file run_38.cif (mmCIF, C-alpha atoms)
data_final
#
loop_
_atom_site.label_atom_id
_atom_site.label_comp_id
_atom_site.auth_asym_id
_atom_site.auth_seq_id
_atom_site.Cartn_x
_atom_site.Cartn_y
_atom_site.Cartn_z
CA MET R 12 44.94 2.11 -4.24
CA GLY R 13 42.29 -0.58 -4.59
CA SER R 14 38.95 -0.47 -2.81
CA ALA R 15 38.40 -3.10 -0.15
CA ARG R 16 34.81 -3.52 -1.44
CA ALA R 17 35.59 -3.75 -5.12
CA GLY R 18 34.25 -6.82 -6.84
CA GLY R 19 30.78 -7.56 -8.13
CA ASP R 20 30.23 -8.43 -11.77
CA ALA R 21 33.16 -9.45 -13.97
CA TRP R 22 32.75 -6.35 -16.15
CA LEU R 23 33.34 -4.13 -13.13
CA ARG R 24 36.40 -6.08 -12.04
CA GLU R 25 37.87 -5.95 -15.54
CA HIS R 26 37.12 -2.34 -16.50
CA LEU R 27 36.88 -0.35 -13.26
CA ARG R 28 39.29 -2.57 -11.32
CA ALA R 29 39.50 -0.43 -8.17
CA ASN R 30 38.10 2.52 -6.23
CA TYR R 31 34.46 1.52 -6.51
CA THR R 32 31.88 -0.32 -4.41
CA ALA R 33 29.78 -2.98 -6.11
CA ALA R 34 26.02 -2.82 -5.58
CA TRP R 35 22.99 -4.88 -6.66
CA HIS R 36 23.14 -6.75 -9.93
CA GLY R 37 21.00 -9.21 -11.86
CA VAL R 38 21.33 -11.46 -14.87
CA LEU R 39 19.09 -10.62 -17.83
CA ALA R 40 17.30 -13.12 -20.07
CA ASP R 41 20.04 -12.93 -22.71
CA GLY R 42 22.73 -13.71 -20.16
CA GLU R 43 24.05 -10.17 -19.93
CA ALA R 44 24.48 -8.66 -16.45
CA ASP R 45 22.58 -5.60 -15.28
CA THR R 46 25.05 -4.38 -12.69
CA ALA R 47 25.34 -1.30 -10.50
CA VAL R 48 27.87 0.50 -8.35
CA GLN R 49 27.37 2.73 -5.34
CA THR R 50 28.20 6.33 -6.12
CA PRO R 51 28.59 9.38 -3.86
CA ALA R 52 25.23 11.08 -3.80
CA PHE R 53 24.77 14.74 -4.77
CA THR R 54 28.53 15.26 -4.95
CA SER R 55 29.34 14.48 -8.56
CA ARG R 56 28.17 14.46 -12.16
CA TRP R 57 26.55 11.08 -11.62
CA ASP R 58 23.43 12.96 -10.54
CA ASN R 59 23.31 14.73 -13.92
CA TYR R 60 23.83 11.39 -15.69
CA TRP R 61 21.00 9.78 -13.70
CA ILE R 62 18.55 12.59 -14.45
CA GLU R 63 19.44 12.66 -18.13
CA GLY R 64 19.08 8.88 -18.27
CA ILE R 65 15.50 9.06 -17.00
CA LEU R 66 14.70 11.87 -19.43
CA TRP R 67 16.02 9.72 -22.28
CA LEU R 68 13.79 6.82 -21.19
CA VAL R 69 10.72 9.04 -21.01
CA ARG R 70 11.38 10.56 -24.44
CA ASN R 71 12.35 7.39 -26.24
CA LEU R 72 10.60 4.50 -24.51
CA GLN R 73 7.46 6.28 -23.28
CA ILE R 74 7.82 4.86 -19.77
CA ASP R 75 5.25 6.15 -17.26
CA GLY R 76 7.45 5.96 -14.19
CA VAL R 77 10.26 4.27 -12.30
CA TYR R 78 10.58 2.63 -8.93
CA LEU R 79 13.54 3.64 -6.81
CA ASP R 80 15.16 0.80 -4.88
CA GLY R 81 16.30 3.09 -2.11
CA ALA R 82 17.39 6.67 -2.73
CA PRO R 83 20.91 7.69 -1.67
CA TYR R 84 20.50 11.33 -2.70
CA ASP R 85 18.92 14.35 -1.06
CA VAL R 86 15.73 16.14 -1.99
CA ASN R 87 17.46 18.46 -4.48
CA VAL R 88 18.01 15.60 -6.92
CA LEU R 89 14.31 14.67 -7.07
CA ARG R 90 13.35 18.33 -7.27
CA ARG R 91 15.67 18.72 -10.25
CA LEU R 92 14.20 15.59 -11.85
CA ARG R 93 10.62 16.83 -11.51
CA ARG R 94 11.54 20.23 -12.97
CA ALA R 95 13.39 18.61 -15.88
CA LEU R 96 10.44 16.30 -16.57
CA ALA R 97 7.81 19.07 -16.59
CA PRO R 98 8.34 20.29 -20.21
CA VAL R 99 8.69 16.72 -21.47
CA LEU R 100 5.43 15.59 -19.86
CA ARG R 101 3.48 18.55 -21.21
CA GLU R 102 3.81 16.92 -24.62
CA ARG R 103 1.89 13.80 -23.59
CA GLU R 104 -1.18 12.92 -21.53
CA SER R 105 0.13 10.19 -19.22
CA PRO R 106 1.78 11.15 -15.91
CA PHE R 107 5.18 10.08 -14.65
CA LEU R 108 5.13 8.23 -11.33
CA LEU R 109 7.97 7.77 -8.85
CA ASP R 110 7.63 4.81 -6.51
CA LEU R 111 10.05 4.49 -3.57
CA HIS R 112 10.98 1.06 -2.21
CA VAL R 113 12.83 0.83 1.12
CA SER R 114 13.23 -1.68 3.94
CA CYS R 115 11.70 -1.52 7.42
CA ALA R 116 15.09 -1.58 9.15
CA GLY R 117 15.29 1.01 11.90
CA ASN R 118 12.92 3.91 11.34
CA PRO R 119 12.03 3.35 7.67
CA HIS R 120 10.74 6.87 7.03
CA LEU R 121 13.51 8.86 8.70
CA PRO R 122 16.13 8.70 5.89
CA TYR R 123 13.59 9.44 3.14
CA ALA R 124 10.85 11.71 4.50
CA GLU R 125 12.27 14.79 2.78
CA LEU R 126 11.79 13.03 -0.58
CA TYR R 127 8.10 12.29 -0.06
CA SER R 128 6.91 15.55 -1.65
CA TYR R 129 8.32 14.29 -4.95
CA VAL R 130 7.29 10.60 -4.91
CA ASP R 131 3.87 9.13 -5.66
CA SER R 132 3.82 5.94 -3.58
CA LEU R 133 5.78 3.82 -1.11
CA TRP R 134 6.67 0.15 -1.12
CA LEU R 135 8.02 -0.84 2.30
CA GLY R 136 9.36 -4.36 2.47
CA GLU R 137 12.39 -6.47 3.40
CA GLY R 138 12.96 -6.55 7.13
CA CYS R 139 9.27 -5.84 7.75
CA ALA R 140 7.91 -8.19 10.42
CA TYR R 141 4.34 -7.41 9.42
CA ALA R 142 2.88 -10.25 11.51
CA THR R 143 4.26 -8.76 14.74
CA TYR R 144 3.22 -5.15 14.16
CA SER R 145 0.40 -3.51 16.06
CA PRO R 146 -2.22 -1.51 14.12
CA GLU R 147 -0.45 1.67 15.18
CA GLN R 148 2.88 0.38 13.85
CA TRP R 149 1.22 -0.50 10.56
CA LEU R 150 -0.10 3.05 10.32
CA ALA R 151 3.15 4.81 11.26
CA GLU R 152 5.84 2.49 9.90
CA VAL R 153 4.35 0.61 6.94
CA SER R 154 1.67 2.76 5.35
CA GLY R 155 2.39 6.11 3.76
CA ILE R 156 -0.85 7.56 5.13
CA PRO R 157 0.75 9.99 7.64
CA PHE R 158 2.60 11.47 4.66
CA GLY R 159 -0.35 11.50 2.25
CA LEU R 160 1.04 8.65 0.12
CA PRO R 161 -0.48 5.32 -0.92
CA GLY R 162 1.54 2.20 -0.22
CA GLN R 163 1.94 -1.46 -1.09
CA LEU R 164 3.35 -4.48 0.73
CA LEU R 165 6.34 -6.63 -0.15
CA SER R 166 4.73 -9.71 1.25
CA ASN R 167 2.64 -12.77 0.68
CA ASN R 168 -1.12 -13.13 0.96
CA ARG R 169 -0.94 -13.70 4.71
CA ASN R 170 -0.96 -9.96 5.36
CA GLN R 171 -3.70 -8.95 2.95
CA TRP R 172 -6.44 -8.37 5.55
CA HIS R 173 -4.29 -6.06 7.67
CA GLY R 174 -2.94 -4.19 4.67
CA LEU R 175 -6.43 -3.60 3.29
CA VAL R 176 -7.59 -1.52 6.28
CA PHE R 177 -4.81 0.90 5.25
CA GLY R 178 -5.82 0.78 1.59
CA MET R 179 -2.87 -1.49 0.71
CA THR R 180 -2.47 -4.76 -1.11
CA CYS R 181 0.72 -6.70 -1.65
CA ARG R 182 2.42 -6.23 -5.01
CA ILE R 183 2.75 -9.16 -7.40
CA PHE R 184 6.30 -10.05 -6.41
CA PRO R 185 8.19 -12.21 -7.07
CA ASP R 186 5.35 -14.13 -8.70
CA PRO R 187 1.55 -14.26 -8.42
CA HIS R 188 1.65 -17.45 -6.36
CA THR R 189 3.47 -15.80 -3.46
CA CYS R 190 1.38 -12.64 -3.58
CA ASN R 191 -1.73 -12.47 -5.72
CA PRO R 192 -3.84 -9.35 -5.12
CA ARG R 193 -5.91 -9.86 -8.26
CA PRO R 194 -8.93 -11.41 -6.46
CA LEU R 195 -9.10 -8.27 -4.31
CA TYR R 196 -8.75 -6.05 -7.38
CA ARG R 197 -11.69 -7.86 -8.98
CA ALA R 198 -13.72 -7.53 -5.78
CA PHE R 199 -13.20 -3.77 -5.64
CA ASP R 200 -14.08 -3.48 -9.33
CA SER R 201 -17.32 -5.40 -8.76
CA LEU R 202 -18.16 -3.04 -5.89
CA GLY R 203 -17.63 -0.02 -8.14
CA LEU R 204 -14.75 1.13 -5.95
CA ARG R 205 -11.91 1.73 -8.39
CA ALA R 206 -11.08 5.12 -6.83
CA PRO R 207 -12.93 5.32 -3.49
CA THR R 208 -12.55 7.81 -0.67
CA MET R 209 -11.13 6.08 2.41
CA PHE R 210 -12.16 6.79 6.00
CA GLY R 211 -9.69 4.94 8.19
CA TRP R 212 -10.11 3.57 11.69
CA TRP R 213 -7.57 6.14 12.96
CA GLU R 214 -9.81 9.08 11.94
CA ALA R 215 -12.14 10.61 14.50
CA GLY R 216 -14.81 11.03 11.81
CA CYS R 217 -14.81 7.40 10.66
CA PRO R 218 -18.48 6.38 11.01
CA VAL R 219 -17.86 2.67 11.63
CA ARG R 220 -16.14 1.00 14.57
CA ALA R 221 -15.57 -2.61 15.59
CA SER R 222 -16.90 -3.69 18.97
CA ASN R 223 -13.88 -5.94 19.59
CA SER R 224 -10.78 -3.92 20.52
CA ALA R 225 -8.53 -6.30 18.53
CA VAL R 226 -10.31 -5.43 15.26
CA ARG R 227 -9.93 -2.36 13.06
CA ALA R 228 -12.46 -1.23 10.46
CA THR R 229 -12.05 1.17 7.51
CA LEU R 230 -14.81 2.51 5.27
CA PHE R 231 -14.44 2.92 1.50
CA LEU R 232 -17.01 5.19 -0.15
CA SER R 233 -17.43 5.89 -3.86
CA PRO R 234 -17.83 9.65 -4.44
CA THR R 235 -19.68 8.97 -7.71
CA SER R 236 -21.91 5.93 -7.21
CA GLY R 237 -22.40 6.25 -3.44
CA ARG R 238 -21.62 2.57 -2.96
CA ALA R 239 -19.77 1.67 0.23
CA ALA R 240 -17.66 -1.16 1.58
CA ILE R 241 -15.85 -1.91 4.84
CA ALA R 242 -12.54 -3.69 5.35
CA ILE R 243 -11.92 -5.21 8.76
CA ALA R 244 -8.91 -7.10 10.12
CA SER R 245 -8.20 -8.82 13.40
CA TRP R 246 -5.02 -8.56 15.44
CA ALA R 247 -6.25 -11.21 17.92
CA ASP R 248 -4.35 -14.48 18.33
CA GLU R 249 -7.55 -16.49 18.67
CA HIS R 250 -10.86 -16.88 16.88
CA ILE R 251 -13.16 -14.01 17.83
CA THR R 252 -16.42 -12.38 16.86
CA THR R 253 -17.06 -8.67 16.42
CA SER R 254 -20.01 -6.46 15.68
CA LEU R 255 -19.77 -3.22 13.73
CA THR R 256 -21.20 0.00 15.13
CA PHE R 257 -22.38 2.73 12.74
CA ASP R 258 -22.75 6.38 13.69
CA LEU R 259 -25.77 7.47 11.64
CA ALA R 260 -25.00 11.19 11.96
CA ALA R 261 -21.46 10.65 10.68
CA LEU R 262 -22.80 8.62 7.75
CA ALA R 263 -25.24 11.39 6.91
CA VAL R 264 -22.42 13.97 6.88
CA LEU R 265 -20.67 11.79 4.29
CA GLY R 266 -23.82 11.75 2.18
CA TRP R 267 -24.46 8.09 2.86
CA GLY R 268 -27.22 6.90 5.10
CA GLY R 269 -30.76 7.98 5.74
CA THR R 270 -31.69 4.55 7.03
CA ALA R 271 -31.43 2.71 10.30
CA ARG R 272 -31.47 -0.62 8.48
CA LEU R 273 -28.25 -1.87 6.95
CA ILE R 274 -27.05 -5.16 5.50
CA LEU R 275 -23.43 -6.26 5.38
CA ARG R 276 -22.76 -8.62 2.48
CA ALA R 277 -19.53 -10.49 1.83
CA ALA R 278 -18.90 -11.90 -1.62
CA ALA R 279 -16.72 -14.99 -1.81
CA ILE R 280 -13.14 -13.89 -2.65
CA GLU R 281 -10.54 -16.50 -3.53
CA GLY R 282 -7.97 -16.89 -0.77
CA PHE R 283 -9.57 -14.14 1.28
CA GLN R 284 -13.08 -14.88 2.56
CA PRO R 285 -16.23 -17.00 2.12
CA ALA R 286 -19.61 -15.50 1.31
CA GLY R 287 -21.80 -14.24 4.13
CA GLU R 288 -24.48 -11.76 5.17
CA TRP R 289 -25.26 -9.93 8.41
CA ARG R 290 -27.97 -7.50 9.44
CA VAL R 291 -28.70 -5.04 12.22
CA ASP R 292 -28.97 -6.65 15.65
CA ASP R 293 -32.46 -5.62 16.73
CA SER R 294 -31.71 -6.56 20.34
CA VAL R 295 -29.26 -3.65 20.56
CA ARG R 296 -30.94 -0.24 20.38
CA THR R 297 -28.94 2.96 20.90
CA GLU R 298 -29.94 6.48 19.88
CA GLY R 299 -28.19 7.52 16.66
CA VAL R 300 -26.20 4.28 16.44
CA ILE R 301 -26.87 0.93 14.83
CA VAL R 302 -25.06 -2.29 15.71
CA THR R 303 -24.78 -5.29 13.42
CA GLU R 304 -24.92 -8.97 14.18
CA ALA R 305 -21.59 -10.48 15.22
CA LEU R 306 -19.15 -11.52 12.48
CA PRO R 307 -16.70 -14.41 13.02
CA VAL R 308 -13.02 -13.63 12.38
CA GLN R 309 -10.13 -16.09 12.26
CA PRO R 310 -6.98 -15.54 14.35
CA ARG R 311 -4.07 -13.50 13.05
CA GLY R 312 -1.73 -15.83 11.20
CA ALA R 313 -4.47 -18.31 10.26
CA GLY R 314 -3.93 -17.56 6.59
CA PHE R 315 -7.62 -17.27 5.75
CA ASN R 316 -10.50 -14.99 6.73
CA GLU R 317 -8.49 -12.92 9.22
CA GLY R 318 -10.86 -10.15 8.25
CA TRP R 319 -13.61 -9.25 5.79
CA LEU R 320 -14.39 -7.02 2.85
CA LEU R 321 -18.08 -6.17 3.24
CA GLU R 322 -20.45 -4.29 1.01
CA VAL R 323 -22.80 -1.98 2.93
CA LEU R 324 -26.37 -2.05 1.62
CA PRO R 325 -29.62 -0.38 2.74
CA GLY R 326 -31.75 -2.81 4.72
CA GLY R 327 -35.33 -3.74 4.10
#

call {"tool": "encode", "arguments": {"input": "run_38.cif", "output": "structure tokens"}}
result
Amino acid sequence: MGSARAGGDAWLREHLRANYTAAWHGVLADGEADTAVQTPAFTSRWDNYWIEGILWLVRNLQIDGVYLDGAPYDVNVLRRLRRALAPVLRERESPFLLDLHVSCAGNPHLPYAELYSYVDSLWLGEGCAYATYSPEQWLAEVSGIPFGLPGQLLSNNRNQWHGLVFGMTCRIFPDPHTCNPRPLYRAFDSLGLRAPTMFGWWEAGCPVRASNSAVRATLFLSPTSGRAAIAIASWADEHITTSLTFDLAALAVLGWGGTARLILRAAAIEGFQPAGEWRVDDSVRTEGVIVTEALPVQPRGAGFNEGWLLEVLPGG
């Protein structure tokens, strides 16, 4: 008896004919179709075929990972994959990374949370109304931070300020003109922050806070060079200004500080921010706390300078 959802690519219709459900497919550069079918998860030998297929790729093509466009199987399949990969990876130096891509429909983490122990990063996109999310929604529903995972955005450059306070940039997809994170990559490289430690605005021990309640600030600190930078983003619908407040005792605990004079310096970053510099506001004096001059921030949705990436420097 034929399946009501049969169809898809011509090869499937000709060779399988019935009792299958067509899934995503794409046309390759040579005109051939890369097609897929939905299969019952963890109930058949397809799981064995999938695992052996990845092992073949690792052994023969030296790939360093795959990205999963959804994951219809339970945690046992990824556990089996990791165990099967272990002896193969011992023969080479590079790791094997699993990246999970899912949509924001419903509760995006609920169907996949049990897999997170076996994946290396998340890519939440499609159905994500990033522009309408509160900072708390970004933290809980877009970032992988509550699960100890880094994340990226399926987006355009309009969300780069808000993503950055969660350590995220958008991925170059579908082309660098829609999303181009490379200016931010270069900025972090120039700051010596290729692998910084992040202290997010949601952490009680974060030593920097924004004075405006619509703004969130996250500190990035290099464990090797000691250099520091701050990402801020505004969720306000109008142009605002905000100062940054530093807890000197918290900075000292992190091994950064020892001065009550700080300078915030913004390098010009293409499509992100102009250059600027701000110092401590000497008119505001509080024991153990320093407050900077006010920074201007454009409204959410403006498409430019909705936040800042600021290097933190000792003052004179």

call {"tool": "closest_residue", "arguments": {"input": "run_38.cif", "among": "R:Trp213, R:Arg93, R:Trp22, R:Thr46", "to": "Pro157 of chain R", "atoms": "only C-alpha atoms"}}
result
R:Trp213

call {"tool": "resolve_selection", "arguments": {"input": "run_38.cif", "expression": "the PyMOL selection byres ((chain R and resi 293) around 10)", "output": "list of chain:residue names"}}
result
R:Arg272, R:Arg290, R:Val291, R:Asp292, R:Ser294, R:Val295, R:Arg296, R:Ile301, R:Val302, R:Thr303, R:Glu304

call {"tool": "atom_distance", "arguments": {"input": "run_38.cif", "atom1": "atom CA of Leu165 of chain R", "atom2": "atom CA of Val130 of chain R"}}
result
17.9 Å

call {"tool": "resolve_selection", "arguments": {"input": "run_38.cif", "expression": "the PyMOL selection byres ((chain R and resi 137) around 9)", "output": "list in words"}}
result
Val113, Ser114, Cys115, Ala116, Leu135, Gly136, Gly138, Cys139, Ala140, Leu165 and Ser166 of chain R

call {"tool": "closest_residue", "arguments": {"input": "run_38.cif", "among": "R:Pro192, R:Gly318, R:Pro207, R:Pro325", "to": "Arg227 of chain R", "atoms": "all atoms listed in the file"}}
result
R:Gly318

call {"tool": "residues_near_point", "arguments": {"input": "run_38.cif", "point": "(-4.4, -16.8, 10.4)", "cutoff": "10 Å", "atoms": "all atoms listed in the file", "output": "PyMOL selection string"}}
result
chain R and resi 142+169-170+172+245-250+308-318

call {"tool": "resolve_selection", "arguments": {"input": "run_38.cif", "expression": "the PyMOL selection byres ((chain R and resi 23) around 12)", "output": "PyMOL selection string"}}
result
chain R and resi 16-22+24-34+36+44-49

call {"tool": "closest_residue", "arguments": {"input": "run_38.cif", "among": "R:Ser233, R:Asn223, R:Asn191, R:Asn87", "to": "Glu281 of chain R", "atoms": "all atoms listed in the file"}}
result
R:Asn191

call {"tool": "closest_residue", "arguments": {"input": "run_38.cif", "among": "R:Thr189, R:Trp267, R:Ile280, R:Glu322", "to": "Leu202 of chain R", "atoms": "all atoms listed in the file"}}
result
R:Glu322

call {"tool": "closest_residue", "arguments": {"input": "run_38.cif", "among": "R:Tyr144, R:Leu275, R:Phe257, R:Leu262", "to": "Thr297 of chain R", "atoms": "only C-alpha atoms"}}
result
R:Phe257

call {"tool": "closest_residue", "arguments": {"input": "run_38.cif", "among": "R:Val69, R:Ala239, R:Ala278, R:Cys217", "to": "Arg205 of chain R", "atoms": "only C-alpha atoms"}}
result
R:Ala239

call {"tool": "atom_distance", "arguments": {"input": "run_38.cif", "atom1": "atom CA of Asp110 of chain R", "atom2": "atom CA of Trp319 of chain R"}}
result
28.3 Å

call {"tool": "atom_distance", "arguments": {"input": "run_38.cif", "atom1": "atom CA of Ile62 of chain R", "atom2": "atom CA of Leu92 of chain R"}}
result
5.9 Å

call {"tool": "residues_around", "arguments": {"input": "run_38.cif", "residues": "Gly237 of chain R", "least_positions_apart": "3", "cutoff": "10 Å", "atoms": "only C-alpha atoms", "output": "JSON, numbers by chain"}}
result
{"R": [203, 204, 207, 231, 232, 233, 234, 265, 266, 267, 268]}

call {"tool": "decode", "arguments": {"input": "run_38.cif", "residues": "segment 52-81 of chain R", "atoms": "C-alpha atoms", "output": "tab-separated table (two decimals), in the first residue's frame"}}
result
chain	number	residue	atom	x	y	z
R	52	ALA	CA	14.61	6.40	14.64
R	53	PHE	CA	16.36	3.84	16.86
R	54	THR	CA	14.08	1.07	15.59
R	55	SER	CA	15.98	-0.32	12.64
R	56	ARG	CA	19.34	-0.98	11.03
R	57	TRP	CA	19.36	2.53	9.60
R	58	ASP	CA	21.04	3.63	12.82
R	59	ASN	CA	23.89	1.18	12.18
R	60	TYR	CA	24.15	2.43	8.58
R	61	TRP	CA	24.29	6.06	9.74
R	62	ILE	CA	27.02	5.41	12.30
R	63	GLU	CA	29.09	3.36	9.86
R	64	GLY	CA	28.67	6.10	7.25
R	65	ILE	CA	30.18	8.70	9.57
R	66	LEU	CA	33.02	6.35	10.48
R	67	TRP	CA	33.76	5.87	6.78
R	68	LEU	CA	33.87	9.65	6.27
R	69	VAL	CA	36.24	10.13	9.19
R	70	ARG	CA	38.56	7.35	8.03
R	71	ASN	CA	38.57	8.19	4.34
R	72	LEU	CA	37.92	11.92	4.01
R	73	GLN	CA	39.49	13.15	7.26
R	74	ILE	CA	36.44	15.26	8.13
R	75	ASP	CA	36.61	16.97	11.53
R	76	GLY	CA	32.90	16.92	12.28
R	77	VAL	CA	29.33	17.05	11.02
R	78	TYR	CA	26.37	19.27	11.66
R	79	LEU	CA	23.08	17.57	12.40
R	80	ASP	CA	20.05	19.23	10.84
R	81	GLY	CA	17.75	18.05	13.59
